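Below is start30.csv, which holds CSV, C-alpha atoms.
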```csv
chain,number,residue,atom,x,y,z
A,1,MET,CA,89.1,82.8,138.7
A,2,ALA,CA,90.8,85.4,136.4
A,3,ARG,CA,91.8,84.1,133.0
A,4,HIS,CA,95.2,85.7,132.8
A,5,SER,CA,97.4,85.3,129.8
A,6,PRO,CA,101.1,84.4,130.4
A,7,VAL,CA,102.0,87.4,128.3
A,8,THR,CA,103.1,90.4,130.3
A,9,GLY,CA,103.8,94.0,129.2
A,10,ARG,CA,106.5,96.5,130.3
A,11,TYR,CA,107.9,99.9,129.4
A,12,VAL,CA,111.5,100.6,128.9
A,13,THR,CA,113.0,104.1,128.3
A,14,ILE,CA,115.8,104.3,125.7
A,15,GLU,CA,117.7,107.0,123.9
A,16,VAL,CA,118.2,106.8,120.1
A,17,ASP,CA,119.9,109.5,118.0
A,18,GLY,CA,119.0,112.1,120.7
A,19,MET,CA,115.3,110.9,120.9
A,20,GLU,CA,114.0,109.6,124.2
A,21,TYR,CA,111.5,106.8,123.7
A,22,LYS,CA,109.4,105.0,126.3
A,23,VAL,CA,109.0,101.7,124.6
A,24,PHE,CA,106.2,99.3,125.3
A,25,TYR,CA,106.8,95.6,124.8
A,26,LEU,CA,105.1,92.3,125.4
A,27,HIS,CA,107.0,89.2,126.3
A,28,ASN,CA,106.6,85.5,127.3
A,29,GLY,CA,108.9,82.6,127.3
A,30,LYS,CA,112.4,81.5,128.3
A,31,GLY,CA,115.6,80.7,126.4
A,32,GLN,CA,116.8,82.0,123.1
A,33,PRO,CA,115.6,85.7,122.6
A,34,LEU,CA,113.3,86.1,119.6
A,35,ILE,CA,112.5,89.8,119.1
A,36,CYS,CA,109.6,90.7,116.8
A,37,GLN,CA,108.7,93.8,114.8
A,38,HIS,CA,105.1,94.5,113.7
A,39,THR,CA,104.2,95.7,110.2
A,40,ALA,CA,104.0,99.4,109.2
A,41,GLY,CA,101.1,101.4,110.8
A,42,CYS,CA,100.3,98.6,113.2
A,43,HIS,CA,101.4,97.3,116.7
A,44,ASN,CA,102.5,94.3,118.6
A,45,HIS,CA,99.2,92.5,118.9
A,46,GLN,CA,100.0,91.1,115.5
A,47,TRP,CA,102.2,88.7,117.4
A,48,ARG,CA,99.5,87.6,119.8
A,49,GLY,CA,99.5,84.0,118.6
A,50,LEU,CA,103.2,83.5,118.8
A,51,LEU,CA,103.3,85.2,122.3
A,52,GLU,CA,101.0,82.5,123.6
A,53,ASP,CA,102.4,79.6,121.7
A,54,GLU,CA,103.3,77.2,124.5
A,55,GLU,CA,105.6,75.0,122.4
A,56,ILE,CA,107.7,77.9,121.1
A,57,THR,CA,107.8,79.9,124.3
A,58,LYS,CA,109.2,76.9,126.1
A,59,HIS,CA,112.5,77.4,124.3
A,60,TYR,CA,112.3,81.0,123.1
A,61,ASN,CA,112.0,84.3,125.0
A,62,VAL,CA,109.5,86.0,122.6
A,63,ILE,CA,109.5,89.8,122.8
A,64,ALA,CA,107.2,91.9,120.6
A,65,TYR,CA,107.6,95.7,121.0
A,66,ASP,CA,105.7,98.7,119.7
A,67,LEU,CA,107.9,100.9,117.5
A,68,PRO,CA,107.6,104.6,118.7
A,69,ARG,CA,104.5,106.3,117.4
A,70,HIS,CA,102.7,102.9,117.4
A,71,GLY,CA,100.4,101.1,119.9
A,72,LYS,CA,101.5,102.1,123.4
A,73,SER,CA,104.9,103.5,122.5
A,74,ASP,CA,104.7,107.3,122.4
A,75,PRO,CA,106.5,109.6,120.0
A,76,PRO,CA,109.6,111.0,121.6
A,77,HIS,CA,108.9,113.0,124.8
A,78,ASN,CA,111.9,115.3,124.4
A,79,HIS,CA,111.1,116.5,120.9
A,80,GLU,CA,108.4,118.6,119.2
A,81,TRP,CA,107.5,115.7,116.9
A,82,TRP,CA,104.2,117.4,115.8
A,83,THR,CA,106.2,120.1,114.0
A,84,GLU,CA,107.7,117.7,111.5
A,85,GLU,CA,106.4,115.2,109.0
A,86,TYR,CA,107.2,111.7,110.2
A,87,LYS,CA,109.5,109.8,107.8
A,88,LEU,CA,111.3,106.8,109.2
A,89,THR,CA,114.9,106.3,108.0
A,90,LYS,CA,116.9,103.2,107.8
A,91,GLU,CA,119.6,104.5,110.1
A,92,HIS,CA,117.2,105.5,112.8
A,93,TYR,CA,115.2,102.3,112.5
A,94,VAL,CA,118.4,100.1,112.8
A,95,ASN,CA,119.7,102.3,115.7
A,96,PHE,CA,116.4,101.9,117.5
A,97,ILE,CA,116.3,98.1,117.3
A,98,VAL,CA,119.9,97.8,118.4
A,99,ALA,CA,119.4,100.2,121.3
A,100,LEU,CA,116.3,98.3,122.4
A,101,CYS,CA,118.2,95.0,122.3
A,102,ASP,CA,121.0,96.5,124.3
A,103,ALA,CA,118.6,98.0,126.9
A,104,LEU,CA,116.9,94.6,127.4
A,105,GLU,CA,120.4,93.0,127.5
A,106,LEU,CA,119.4,90.4,124.9
A,107,ASP,CA,122.2,88.0,124.2
A,108,ASP,CA,122.5,87.0,120.5
A,109,PRO,CA,118.8,87.6,119.7
A,110,ILE,CA,117.0,86.3,116.6
A,111,PHE,CA,115.2,89.2,114.9
A,112,MET,CA,112.0,88.6,113.1
A,113,GLY,CA,109.9,91.3,111.4
A,114,SER,CA,107.2,91.4,108.8
A,115,SER,CA,106.8,93.7,105.8
A,116,PHE,CA,108.7,96.9,106.8
A,117,GLY,CA,109.9,94.8,109.7
A,118,GLY,CA,111.2,92.2,107.3
A,119,ASN,CA,112.9,94.9,105.2
A,120,VAL,CA,114.7,96.2,108.3
A,121,ALA,CA,115.7,92.6,109.1
A,122,LEU,CA,117.7,92.7,105.9
A,123,GLN,CA,119.2,96.1,107.0
A,124,LEU,CA,120.3,94.5,110.3
A,125,ALA,CA,121.9,91.5,108.6
A,126,LEU,CA,123.8,94.0,106.4
A,127,ARG,CA,124.8,96.5,109.1
A,128,ARG,CA,124.9,94.6,112.4
A,129,PRO,CA,125.5,90.9,111.7
A,130,ASP,CA,127.6,90.9,114.9
A,131,ARG,CA,124.6,91.8,117.1
A,132,PHE,CA,122.1,89.2,115.9
A,133,LYS,CA,122.2,85.4,115.8
A,134,ALA,CA,120.0,85.3,112.8
A,135,VAL,CA,117.2,87.3,111.1
A,136,ILE,CA,113.8,86.1,109.7
A,137,PRO,CA,112.6,88.6,107.2
A,138,VAL,CA,108.9,87.9,106.6
A,139,GLU,CA,107.2,89.3,103.5
A,140,ALA,CA,110.3,91.3,102.6
A,141,ALA,CA,112.4,92.2,99.6
A,142,HIS,CA,115.6,94.2,99.0
A,143,TYR,CA,113.5,96.9,97.3
A,144,ALA,CA,109.8,97.5,97.6
A,145,PRO,CA,108.7,100.7,95.8
A,146,GLY,CA,105.1,101.9,95.3
A,147,PHE,CA,103.4,102.1,98.7
A,148,PHE,CA,104.5,105.6,99.9
A,149,LEU,CA,101.1,107.0,99.1
A,150,ASP,CA,99.4,110.2,100.1
A,151,TRP,CA,96.1,108.3,100.4
A,152,TRP,CA,97.1,106.9,103.8
A,153,ARG,CA,96.5,110.3,105.4
A,154,HIS,CA,94.4,112.2,103.0
A,155,PRO,CA,92.4,114.7,105.0
A,156,HIS,CA,89.3,114.3,102.8
A,157,ALA,CA,89.0,110.6,103.5
A,158,ASN,CA,88.7,108.5,106.7
A,159,ALA,CA,92.4,107.6,107.1
A,160,ALA,CA,91.7,104.8,109.6
A,161,GLN,CA,89.5,103.0,107.1
A,162,VAL,CA,91.6,103.8,104.1
A,163,CYS,CA,94.6,102.2,105.8
A,164,ALA,CA,92.7,99.2,107.2
A,165,SER,CA,90.8,98.4,104.0
A,166,GLY,CA,93.7,99.4,101.8
A,167,VAL,CA,95.7,96.5,103.3
A,168,TRP,CA,92.7,94.2,103.5
A,169,ASP,CA,93.5,92.2,100.4
A,170,LEU,CA,97.1,91.8,101.4
A,171,MET,CA,95.6,89.0,103.4
A,172,ALA,CA,94.6,85.6,101.9
A,173,PRO,CA,90.8,84.9,101.5
A,174,GLN,CA,91.4,81.5,103.2
A,175,SER,CA,92.6,83.2,106.5
A,176,PRO,CA,90.1,83.0,109.3
A,177,GLU,CA,87.6,85.9,109.2
A,178,MET,CA,88.0,86.8,112.8
A,179,ASP,CA,91.8,87.1,112.4
A,180,ARG,CA,91.5,89.2,109.2
A,181,TRP,CA,89.1,91.6,111.0
A,182,LEU,CA,91.4,91.8,114.0
A,183,THR,CA,94.2,92.8,111.7
A,184,TRP,CA,91.8,95.3,110.0
A,185,HIS,CA,91.0,96.7,113.5
A,186,TYR,CA,94.7,97.1,114.4
A,187,TYR,CA,95.2,99.0,111.1
A,188,THR,CA,92.5,101.5,112.0
A,189,GLN,CA,94.7,102.5,115.0
A,190,GLY,CA,97.9,103.4,113.2
A,191,SER,CA,97.0,105.6,110.3
A,192,GLU,CA,99.0,108.6,111.4
A,193,ALA,CA,102.3,106.6,111.4
A,194,PHE,CA,101.6,104.4,108.4
A,195,LYS,CA,102.8,106.8,105.6
A,196,GLY,CA,105.9,107.7,107.5
A,197,ASP,CA,106.7,104.0,108.0
A,198,LEU,CA,106.3,103.4,104.4
A,199,TYR,CA,108.9,106.1,103.6
A,200,PHE,CA,111.3,103.5,104.9
A,201,TYR,CA,109.6,100.6,103.3
A,202,SER,CA,109.2,102.0,99.8
A,203,VAL,CA,111.8,104.8,99.5
A,204,ASP,CA,114.7,104.7,101.9
A,205,HIS,CA,115.1,100.9,102.0
A,206,ASP,CA,116.9,100.1,98.7
A,207,LEU,CA,119.5,97.3,98.9
A,208,ARG,CA,119.8,96.7,95.2
A,209,GLU,CA,123.5,97.7,95.3
A,210,GLU,CA,124.3,96.2,98.7
A,211,LEU,CA,122.5,92.9,98.9
A,212,ARG,CA,125.7,91.0,97.9
A,213,ASN,CA,127.4,92.3,101.0
A,214,ILE,CA,125.0,90.4,103.3
A,215,ASP,CA,126.7,87.2,104.5
A,216,GLY,CA,124.3,84.5,105.6
A,217,LYS,CA,127.1,82.6,107.2
A,218,LYS,CA,127.8,85.5,109.6
A,219,CYS,CA,124.1,86.1,110.2
A,220,PRO,CA,121.8,83.5,108.8
A,221,VAL,CA,118.9,85.0,106.8
A,222,VAL,CA,115.7,82.9,106.4
A,223,MET,CA,113.1,84.7,104.3
A,224,MET,CA,109.4,83.7,104.2
A,225,THR,CA,106.6,85.1,102.0
A,226,GLY,CA,103.0,84.1,101.5
A,227,THR,CA,101.5,83.4,98.1
A,228,TYR,CA,98.7,86.0,98.5
A,229,ASP,CA,101.1,88.9,99.1
A,230,TYR,CA,100.7,91.3,96.2
A,231,LEU,CA,103.0,93.9,97.6
A,232,THR,CA,106.1,91.6,98.1
A,233,PRO,CA,105.1,88.7,95.9
A,234,PRO,CA,106.9,85.4,96.4
A,235,ASP,CA,109.1,85.9,93.4
A,236,ALA,CA,110.4,89.2,94.8
A,237,THR,CA,111.4,87.5,98.1
A,238,GLU,CA,112.9,84.6,96.3
A,239,ASP,CA,114.9,86.9,94.1
A,240,THR,CA,116.2,88.7,97.2
A,241,ALA,CA,117.1,85.4,99.0
A,242,ARG,CA,118.9,84.1,96.0
A,243,GLN,CA,121.2,87.1,95.9
A,244,ILE,CA,122.2,86.7,99.6
A,245,LYS,CA,125.1,84.5,100.3
A,246,TYR,CA,123.6,81.4,102.0
A,247,GLY,CA,120.2,83.0,101.9
A,248,VAL,CA,117.2,80.7,102.5
A,249,TYR,CA,113.7,81.2,101.0
A,250,ILE,CA,110.5,79.5,102.3
A,251,GLU,CA,107.3,80.0,100.4
A,252,MET,CA,104.2,80.0,102.5
A,253,THR,CA,101.1,78.7,100.7
A,254,ASP,CA,97.6,80.2,101.1
A,255,ILE,CA,98.6,83.1,103.4
A,256,GLY,CA,99.2,86.8,102.8
A,257,HIS,CA,101.3,89.8,104.0
A,258,PHE,CA,100.4,89.5,107.7
A,259,PRO,CA,100.9,85.8,108.3
A,260,MET,CA,101.5,85.9,112.1
A,261,SER,CA,98.3,88.0,112.5
A,262,GLU,CA,95.9,86.7,109.8
A,263,ASN,CA,96.5,82.9,110.3
A,264,TYR,CA,98.9,82.0,113.1
A,265,PRO,CA,98.2,78.3,113.1
A,266,LEU,CA,99.4,78.1,109.5
A,267,PHE,CA,102.3,80.6,110.0
A,268,ARG,CA,103.7,78.6,112.9
A,269,VAL,CA,104.3,75.6,110.7
A,270,TYR,CA,106.6,77.7,108.5
A,271,LEU,CA,108.1,79.5,111.5
A,272,LYS,CA,109.1,76.2,113.2
A,273,GLU,CA,110.9,75.3,110.0
A,274,ALA,CA,112.8,78.6,109.9
A,275,LEU,CA,113.8,78.2,113.6
A,276,ARG,CA,115.0,74.6,112.8
A,277,ILE,CA,117.1,75.9,110.0
A,278,ILE,CA,118.6,78.6,112.3
A,279,ARG,CA,119.4,76.0,115.0
A,280,GLU,CA,121.0,73.8,112.4
A,281,ARG,CA,123.2,76.6,111.0
A,282,THR,CA,124.2,78.1,114.3
A,283,GLY,CA,124.6,75.0,116.3
A,284,GLY,CA,121.8,75.7,118.8
B,285,MET,CA,77.7,80.2,80.0
B,286,ALA,CA,77.5,83.6,81.7
B,287,GLN,CA,74.5,84.2,83.9
B,288,ASP,CA,71.7,86.5,82.9
B,289,ILE,CA,72.5,90.1,83.8
B,290,LYS,CA,69.2,90.9,85.4
B,291,SER,CA,69.2,87.9,87.6
B,292,TRP,CA,72.8,88.6,88.5
B,293,ALA,CA,71.8,92.2,89.5
B,294,ASN,CA,69.0,90.9,91.7
B,295,LYS,CA,71.2,88.4,93.4
B,296,PHE,CA,73.9,91.1,94.0
B,297,LYS,CA,71.5,93.6,95.4
B,298,SER,CA,69.9,91.0,97.7
B,299,LEU,CA,73.4,89.9,99.0
B,300,SER,CA,74.6,93.5,99.5
B,301,ASP,CA,71.4,94.8,101.1
B,302,SER,CA,71.4,91.9,103.6
B,303,ASP,CA,75.1,91.9,104.4
B,304,PRO,CA,75.5,92.7,108.1
B,305,ALA,CA,79.1,94.0,107.8
B,306,ILE,CA,78.0,96.6,105.2
B,307,ALA,CA,74.9,97.4,107.2
B,308,SER,CA,77.0,98.0,110.4
B,309,MET,CA,78.6,101.0,108.8
B,310,GLY,CA,76.1,101.6,106.0
B,311,LYS,CA,75.1,105.2,106.9
B,312,TYR,CA,76.7,107.6,104.4
B,313,TYR,CA,77.8,104.9,102.0
B,314,THR,CA,76.5,106.8,99.1
B,315,CYS,CA,78.2,106.8,95.7
B,316,THR,CA,77.8,105.5,92.1
B,317,TYR,CA,80.4,103.3,90.4
B,318,LEU,CA,80.9,101.4,87.2
B,319,TRP,CA,82.1,97.8,86.9
B,320,ASP,CA,83.5,97.4,83.3
B,321,MET,CA,83.8,93.6,82.7
B,322,THR,CA,84.7,94.2,79.0
B,323,ASP,CA,81.8,92.1,77.7
B,324,ARG,CA,79.3,93.7,80.1
B,325,LYS,CA,79.1,96.9,82.1
B,326,VAL,CA,77.0,97.7,85.1
B,327,ILE,CA,76.6,101.0,87.1
B,328,ILE,CA,75.7,100.5,90.7
B,329,GLU,CA,74.2,103.3,92.6
B,330,MET,CA,74.5,103.2,96.4
B,331,HIS,CA,72.5,105.2,98.9
B,332,ASP,CA,73.1,105.0,102.7
B,333,GLY,CA,74.5,101.5,102.4
B,334,LYS,CA,71.7,100.1,100.2
B,335,VAL,CA,71.7,99.4,96.5
B,336,LYS,CA,69.4,102.0,95.1
B,337,HIS,CA,69.7,101.0,91.5
B,338,ILE,CA,71.7,98.8,89.2
B,339,ASN,CA,71.9,100.0,85.6
B,340,THR,CA,72.6,96.9,83.5
B,341,ASP,CA,72.7,98.6,80.2
B,342,PRO,CA,74.7,101.8,80.7
B,343,GLN,CA,74.7,104.3,77.9
B,344,PRO,CA,77.7,106.5,77.0
B,345,LEU,CA,76.6,109.5,79.0
B,346,ASP,CA,75.3,107.7,82.1
B,347,PRO,CA,77.3,109.2,85.0
B,348,TYR,CA,79.3,107.5,87.7
B,349,ASP,CA,81.9,108.6,90.3
B,350,PHE,CA,84.6,106.0,89.6
B,351,ALA,CA,85.2,102.8,87.7
B,352,LEU,CA,86.9,99.4,87.9
B,353,ARG,CA,87.9,98.1,84.4
B,354,ALA,CA,89.4,94.7,83.7
B,355,SER,CA,89.1,91.8,81.2
B,356,ALA,CA,86.2,89.4,81.4
B,357,ALA,CA,88.7,86.7,82.3
B,358,SER,CA,89.9,88.7,85.3
B,359,TRP,CA,86.3,89.3,86.5
B,360,ARG,CA,85.6,85.6,86.3
B,361,GLU,CA,88.6,85.1,88.6
B,362,PHE,CA,87.2,87.7,91.0
B,363,GLY,CA,84.0,85.7,91.1
B,364,GLN,CA,85.5,82.4,92.2
B,365,PRO,CA,84.6,81.3,95.7
B,366,VAL,CA,88.3,81.4,96.6
B,367,PRO,CA,90.1,83.5,94.0
B,368,ARG,CA,93.6,82.7,93.0
B,369,PRO,CA,96.5,84.9,94.3
B,370,MET,CA,96.5,88.4,92.8
B,371,PHE,CA,92.8,88.1,91.8
B,372,HIS,CA,91.7,88.3,95.5
B,373,GLY,CA,91.1,92.0,95.7
B,374,ILE,CA,91.0,95.5,94.1
B,375,TRP,CA,94.5,96.4,95.2
B,376,ALA,CA,96.1,93.0,94.4
B,377,ALA,CA,94.6,93.0,90.9
B,378,SER,CA,95.5,96.6,90.2
B,379,PHE,CA,99.1,96.1,91.4
B,380,ARG,CA,99.6,92.8,89.7
B,381,GLU,CA,96.9,92.1,87.1
B,382,ASP,CA,94.9,94.1,84.5
B,383,LEU,CA,92.5,95.9,86.8
B,384,LYS,CA,92.4,99.6,86.3
B,385,ILE,CA,90.8,102.1,88.7
B,386,GLU,CA,89.5,105.2,87.0
B,387,GLY,CA,87.5,108.3,87.7
B,388,ASN,CA,87.4,110.0,91.1
B,389,HIS,CA,89.7,107.9,93.3
B,390,LEU,CA,88.9,110.1,96.3
B,391,ILE,CA,85.3,108.9,96.4
B,392,MET,CA,86.4,105.3,96.2
B,393,MET,CA,88.8,105.9,99.1
B,394,GLN,CA,86.1,107.7,101.1
B,395,ASN,CA,84.0,104.5,100.8
B,396,LEU,CA,86.7,101.9,100.7
B,397,ARG,CA,85.6,99.7,103.5
B,398,ASN,CA,82.2,99.0,102.2
B,399,PHE,CA,83.2,99.1,98.5
B,400,THR,CA,85.8,96.4,99.3
B,401,LEU,CA,83.1,94.2,101.0
B,402,GLN,CA,80.8,94.6,98.0
B,403,PHE,CA,83.5,93.6,95.6
B,404,GLU,CA,84.0,90.4,97.6
B,405,LEU,CA,80.3,89.6,97.3
B,406,LEU,CA,81.2,88.5,93.8
B,407,ARG,CA,82.6,85.4,95.4
B,408,LYS,CA,79.1,84.5,96.4
B,409,CYS,CA,77.1,85.7,93.4
B,410,GLY,CA,79.6,85.2,90.6
B,411,VAL,CA,79.9,87.6,87.6
B,412,PRO,CA,77.7,88.1,84.5
B,413,VAL,CA,80.5,87.5,82.0
```
Could you rewrite the structure in this file as structure tokens?
Amino acid sequence: MARHSPVTGRYVTIEVDGMEYKVFYLHNGKGQPLICQHTAGCHNHQWRGLLEDEEITKHYNVIAYDLPRHGKSDPPHNHEWWTEEYKLTKEHYVNFIVALCDALELDDPIFMGSSFGGNVALQLALRRPDRFKAVIPVEAAHYAPGFFLDWWRHPHANAAQVCASGVWDLMAPQSPEMDRWLTWHYYTQGSEAFKGDLYFYSVDHDLREELRNIDGKKCPVVMMTGTYDYLTPPDATEDTARQIKYGVYIEMTDIGHFPMSENYPLFRVYLKEALRIIRERTGG
Amino acid sequence: MAQDIKSWANKFKSLSDSDPAIASMGKYYTCTYLWDMTDRKVIIEMHDGKVKHINTDPQPLDPYDFALRASAASWREFGQPVPRPMFHGIWAASFREDLKIEGNHLIMMQNLRNFTLQFELLRKCGVPV
């Protein structure tokens, strides 16, 4: 008897700013759409625990996609992408997510992303509060300089290992060893895109002047950060949430920058609380 | 009371040389680095994944490729079985605490996987400061 997972994968082709992308996504569940973005230089297996969470997928349609150039989502097929240095911009990132939600006909989805996915969640709350029921920025801040580094694709070093071991201690030492090594493994697979993703994370994403324009009443913002995150430490996220009208901050103890991937059983405790707050604020 | 430097070096070598994760990609892990713990310094020479020599009394002109420098207090935090946040790794402590990375960064990056694992062995053997 085959031991199939309830999670299934599909491709959908969309056009964003003239780029044609064949996007791979995993999904499982019914009900309220909950669309999930992986971290920079990674792919959707980071959400493997959530995708198979029977309690949550009973009420939430969980969708975890690979951003183009990551996992099974190719770079654009109608563009000579190899002739340009990849640098993800906030406009393109936001346009991509909205186009994907439109293509999948997601009604009032909740968007959740971690790290550079958390930062784009803030961009969505600012730019498209009409399109999302709520956002859950995980390990995010309104400004996160310092990680757009040449080391991520230095030709004299093993970029796969530099990326994977460079983010190793973004995880908490208490997180299960197997899950930390799986996260390390995913990071060996995305080194070519990592630096370009971090252009958005550390350079193009800067909401210092615009944070006050996010209205948590129009689009609830529930932020969560782990205590072992050195890149976006808890006080950075708390400072961001405090400056958002009706912003919420949840501190996650004994977990790091990849909570859904490094220790899902602990992360889900906090995620359930975030979803409860969103239900309370949106009436369902 | 800090542990004796020689017995610390023996313990560290034994842990590193028997670590299966380091051994699994040990080939070519060859470099020499300094750990400056303020009150103590050690130079560790690696060859193909094994500890070739630990210099427990480095002199001014003894060579190394790169160095980690921090206060003795920080090293004691690195050596806890479960370090506190921001003392739980090279990157964390260099971004948020007083750890400085000096010398040839490229050699550290070329060997980052195993060097990171060795740094975390301090959680098992403690530190000599």
Find the residues of chain A in contact range of chain B, meaning any atom within 6 Å when counting all atoms listed in the file, and list them as an mmCIF file with C-alpha atoms, in the coordinates of the input.
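result-v1.cif written:
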```
data_model
loop_
_atom_site.group_PDB
_atom_site.id
_atom_site.type_symbol
_atom_site.label_atom_id
_atom_site.label_comp_id
_atom_site.auth_asym_id
_atom_site.auth_seq_id
_atom_site.Cartn_x
_atom_site.Cartn_y
_atom_site.Cartn_z
ATOM 1 C CA ALA A 157 89.000 110.600 103.500
ATOM 2 C CA SER A 165 90.800 98.400 104.000
ATOM 3 C CA ASP A 169 93.500 92.200 100.400
ATOM 4 C CA TYR A 228 98.700 86.000 98.500
ATOM 5 C CA TYR A 230 100.700 91.300 96.200
#
```
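You will find atom CA of Glu20 of chain A at 5.3 Å from atom CA of Pro76 of chain A.
For the choices B:Leu383, B:Ala307, B:Val326, B:Leu318, the atom-to-atom distance to Ala357 of chain B is smallest for B:Leu383 when using only C-alpha atoms.
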Between atom CA of Gln189 of chain A and atom CA of Asp150 of chain A - distance in Å to one decimal: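 Interatomic distance here is 17.4 Å.
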Determine, counting only C-alpha atoms, which protein, DNA and RNA residues have an atom within 8 Å of an atom of segment 116-121 of chain A; residues of the same chain fewer than 2 positions away are not included. Present the result as a PyMOL selection string. chain A and resi 37-40+90+93-94+111-114+123-125+135-142+197-198+200-201+205
Correct to one decimal, the distance atom CA of Leu405 of chain B-atom CA of Tyr264 of chain A is 25.6 Å
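Of the residues listed (A:Ala193, A:Val12, A:Ile56, A:Ile214), A:Ile214 shows the shortest atom-to-atom separation from Asp130 of chain A; distances use all atoms listed in the file.
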At a cut-off of 9 Å around the point (117.3, 112.7, 122.2) (file coordinates), what residues fall inside when counting only C-alpha atoms? I'd like the answer as a ChimeraX atom specification. /A:15-21,76-79
Saved selection, atoms kept: C-alpha atoms, as an mmCIF file, keeping the file's coordinate frame:
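File selection.cif, as written:
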```cif
data_model
loop_
_atom_site.group_PDB
_atom_site.id
_atom_site.type_symbol
_atom_site.label_atom_id
_atom_site.label_comp_id
_atom_site.auth_asym_id
_atom_site.auth_seq_id
_atom_site.Cartn_x
_atom_site.Cartn_y
_atom_site.Cartn_z
ATOM 1 C CA GLU A 15 117.700 107.000 123.900
ATOM 2 C CA VAL A 16 118.200 106.800 120.100
ATOM 3 C CA ASP A 17 119.900 109.500 118.000
ATOM 4 C CA GLY A 18 119.000 112.100 120.700
ATOM 5 C CA MET A 19 115.300 110.900 120.900
ATOM 6 C CA GLU A 20 114.000 109.600 124.200
ATOM 7 C CA TYR A 21 111.500 106.800 123.700
ATOM 8 C CA PRO A 76 109.600 111.000 121.600
ATOM 9 C CA HIS A 77 108.900 113.000 124.800
ATOM 10 C CA ASN A 78 111.900 115.300 124.400
ATOM 11 C CA HIS A 79 111.100 116.500 120.900
#
```
Test item: residues at most 6 Å from segment 256-258 of chain A, all atoms listed in the file, excluding those fewer than 5 positions along its chain, as a list in words: Glu139, Leu170, Met171, Ala172, Gly226, Tyr228 and Asp229 of chain A
Any chance you can output those residues with C-alpha atoms as a PDB file, keeping the file's coordinate frame?
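Listed below is the output, out.pdb:
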```pdb
ATOM      1  CA  GLU A 139     107.200  89.300 103.500  1.00  0.00           C
ATOM      2  CA  LEU A 170      97.100  91.800 101.400  1.00  0.00           C
ATOM      3  CA  MET A 171      95.600  89.000 103.400  1.00  0.00           C
ATOM      4  CA  ALA A 172      94.600  85.600 101.900  1.00  0.00           C
ATOM      5  CA  GLY A 226     103.000  84.100 101.500  1.00  0.00           C
ATOM      6  CA  TYR A 228      98.700  86.000  98.500  1.00  0.00           C
ATOM      7  CA  ASP A 229     101.100  88.900  99.100  1.00  0.00           C
TER       8      ASP A 229
END
```
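Of the residues listed (B:Asp332, B:Val411, B:Ile338, B:Asp320), B:Ile338 shows the shortest atom-to-atom separation from Lys297 of chain B; distances use all atoms listed in the file.
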